[in-house]
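Inspection log for the structure reproduced underneath, given as structure tokens.
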Amino acid sequence: MLTLGQRTSAVPASRRFRPMVMVLPWLACVLGALLVHFGLPLLGVDEYWQSVLRRAGVLMIAAVSLNIVNGYAGQFSMGHAGFMAIGGYVAAAITYYGSLFFHGSAGDPAFAAQGTGLMLAGILLGALVAAGAGYLVGLPSLRLRGDYLAIVTLGFGEIIRVLLELTPSQIDTAAAVREHPIRALISLNGPTGFYGVPAYATLFWVWLLVLVTCVVAYRVKQSSSGRAFLSIREDEIAARSMGIDLTRYKVRAFVLAAFFGGVAGAVYAHTGANPSPQDAGFQRSFDIIIFVVLGGLGSLSGAALSALLLSLLGEVLRGPGPVLDAWAHCLAAAAALGIGAAVLRGLRNRGWVVVAAMAMIPVLLLGFAVLSGWAKARLGIDLGEYRLVLYAIMLILVMLLRPNGLLGVREIWELFGPMTDADKRRRTLGPGGPGGPGGPGGGT
């Protein structure tokens with residue numbers, strides 16, 4: 001009989017370290033969230049910019065989640081804000097009314113630990129309810145394609161907005177909540193919007209969920225379901241001929257996107273913002289679509305980076321003052337990320353490209369701030385008033401120069417480093433080579 005040591009040595013090394021490798025991404029998410037939570041205050045980033053980064057994190061979750069259905073599966077959904085509103089209202093009601101029911105008050109610092117537990121429970125429940133709504137909407141509507149699907153999802157968002165406007169007034173006493181707990185969960189204060197939700201979503205929780213969403217979305221893209229999504233996006237007829245159940249995979253993508261859309265809305269409700277029915281309107285959905293299209297339909301890193309940059313750009317265009325006051329912090333962050341990129345480059349890891357790209361963000365924003373200040377001082381033009389015009393110009397330029405978005409279906413780290421075998425084959429064969437368009441065995 002083999003001893004324990006002999007049995008362990010008989011197991012291949014790749015299998016022995018597999019559990020550790022599976023845990024590493026989640027540990028990296030926690031460490032990254034801790035770095036953001038404690039590192040930014042050390043760099044001197046004030047509470048205002050921390051709130052901006054919290055909102056930017058929410059939009060990154062929303063963009064990455066919408067990219068699953070619009071980018072991976074190639075379906076055009078315009079009702080993503082409806083799923084965000086469902087998750088936000090459910091989570092807000094759980095935290096607010098749960099605090100009144102158990103503690104008799106909402107937002108009491110003495111119950112911050114219990115309140116954080118209520119927030120996490122509300123985020124999970126809100127995401128599950130949003131996923132359920134995504135299944136109910138997606139099962140009948142995803143048999144449609146193109147403009148018809150966009151109209152159906154847009155109508156869903158408007159239905160959610162109207163239903164939220166018709167909800168009863170908010171209950172604000174613990175006795176009423178304990179007397180009618182079920183009624184309290186649907187008392188969402190109508191068109192005024194839900195107020196009084198404690199701001200338990202700190203930078204740590206927001207960016208932890210950002211990183212977790214990115215890891216899940218990346219793993220979905222690399223899985224068999226992700227390959228099925230991409231095949232449906234490229235050619236539904238070919239995908240069907242290969243035995244892929246189109247409706248099943250479309251619904252799966254829709255449910256995943258709705259789940260993380262609910263997460264985004266739930267986190268947003270706990271950042272100090274008051275959820276309102278207008279959050280379910282088409283304008284919010286259109287803003288998220290801009291992030292996805294600008295970054296590249298199918299690119300996880302493109303959607304996340306475009307959401308971050310455009311979120312910060314709106315604040316930078318207000319003027320150079322708030323940014324230039326913290327220029328040293330911006331340059332310090334860029335230097336730290338540059339050092340991290342150099343270390344990873346020394347380890348021959350292509351992840352250094354991501355770090356280098358992140359290092360450029362403070363420098364680019366600082367440049368935009370200087371340009372905005374120069375335009376206001378010399379030309380008398382406030383670029384902050386033309387933010388939406390600049391968004392439109394960016395989209396036009398991207399569509400003209402990069403029809404598939406800035407990164408297309410690729411990730412930013414795939415653009416650097418040694419070429420893969422697929423890249424070498426494409427370069428060798430060219431567009432007219434065997435298997436390519438116009439070549440033997442290829443399409444016409």
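By convention here, the chains of the structure tokens are called A, B, ... in the order presented, each chain's residues are numbered starting at 1, and ligands are numbered starting at 1 in the order presented.
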List every residue of stretch 57-101 of chain A that has an atom at most 10 Å from any atom of stretch 187-205 of chain A, and for each one report the closest atom pair and its distance in Å to one decimal, counting only C-alpha atoms, with rows sorted by chain and then by increasing residue number, as CSV.
```
residue,atom,partner,partner_atom,distance
A:Gly57,CA,A:Leu203,CA,8.7
A:Gly88,CA,A:Phe194,CA,9.8
A:Tyr89,CA,A:Leu188,CA,7.5
A:Val90,CA,A:Leu188,CA,9.3
A:Ala91,CA,A:Val197,CA,9.4
A:Ala92,CA,A:Val197,CA,6.1
A:Ala93,CA,A:Leu188,CA,7.5
A:Ile94,CA,A:Val197,CA,9.7
A:Thr95,CA,A:Val197,CA,7.0
A:Tyr96,CA,A:Val197,CA,5.6
A:Tyr97,CA,A:Val197,CA,9.2
A:Ser99,CA,A:Pro198,CA,9.4
```
For A:Gly126, work out the shell of residues within 12 Å, counting only C-alpha atoms and skipping chain neighbours fewer than 6 positions away, then give it as a ChimeraX atom specification.
/A:83-95,118-120,132-133,258-269
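When atom CA of A:Pro275 is paired with atom CA of A:Gln114, their separation reads 21.7 Å.
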Restricting the calculation to only C-alpha atoms, which member of A:Ala106, A:Leu390, A:Ala304, A:Leu312 is positioned closest to A:Tyr218?
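Ranked by minimum distance to A:Tyr218, first place goes to A:Ala304.
For the residues A:Leu230, A:Ile123, A:Ala176, A:Cys214, ranking by smallest atom-to-atom distance to A:Ala253 using only C-alpha atoms places A:Leu230 first.
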Would you mind reading off the distance between atom CA of A:Ala33 and atom CA of A:Ala56, one decimal, in Å?
14.1 Å
For A:Ala228, which residue out of A:Gly74, A:Gly32, A:Gly98, A:Gly405 is the nearest one, using only C-alpha atoms?
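Among the listed residues, A:Gly74 lies closest to A:Ala228.
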With distances taken over only C-alpha atoms, which of A:Leu208, A:Leu34, A:Ala238, A:Ile171 is nearest to A:Leu100?
A:Ile171
Closest of A:Gly302, A:Gly39, A:Gly117, A:Gly243 to A:Arg410 - atom-to-atom distances counting only C-alpha atoms:
A:Gly302
Spatial neighbours of stretch 392-401 of chain A, max dist 10 Å, only C-alpha atoms, sep filter under 2 positions, as a PyMOL selection string
chain A and resi 290-291+293-296+386-390+403-406
Between atom CA of A:Phe229 and atom CA of A:Val215, distance in Å (one decimal):
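A separation of 17.2 Å between them.
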DSSP on the backbone, helix (DSSP H, G or I) only: what residues of stretch 101-228 of chain A does that give? Format it as a PyMOL selection string.
chain A and resi 101-103+109-141+147-165+174-179+181-185+190-192+203-222+224-228
Counting only C-alpha atoms, figure out which residue out of A:Met78, A:Leu154, A:Ala174, A:Leu124 gets nearest to A:Gly104.
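Using only C-alpha atoms, the shortest distance to A:Gly104 belongs to A:Ala174.
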Selection near A:Gly71, 8 Å with only C-alpha atoms, sequence-local residues under 5 positions removed, as a PyMOL selection string
chain A and resi 66+233+292+296-299+409
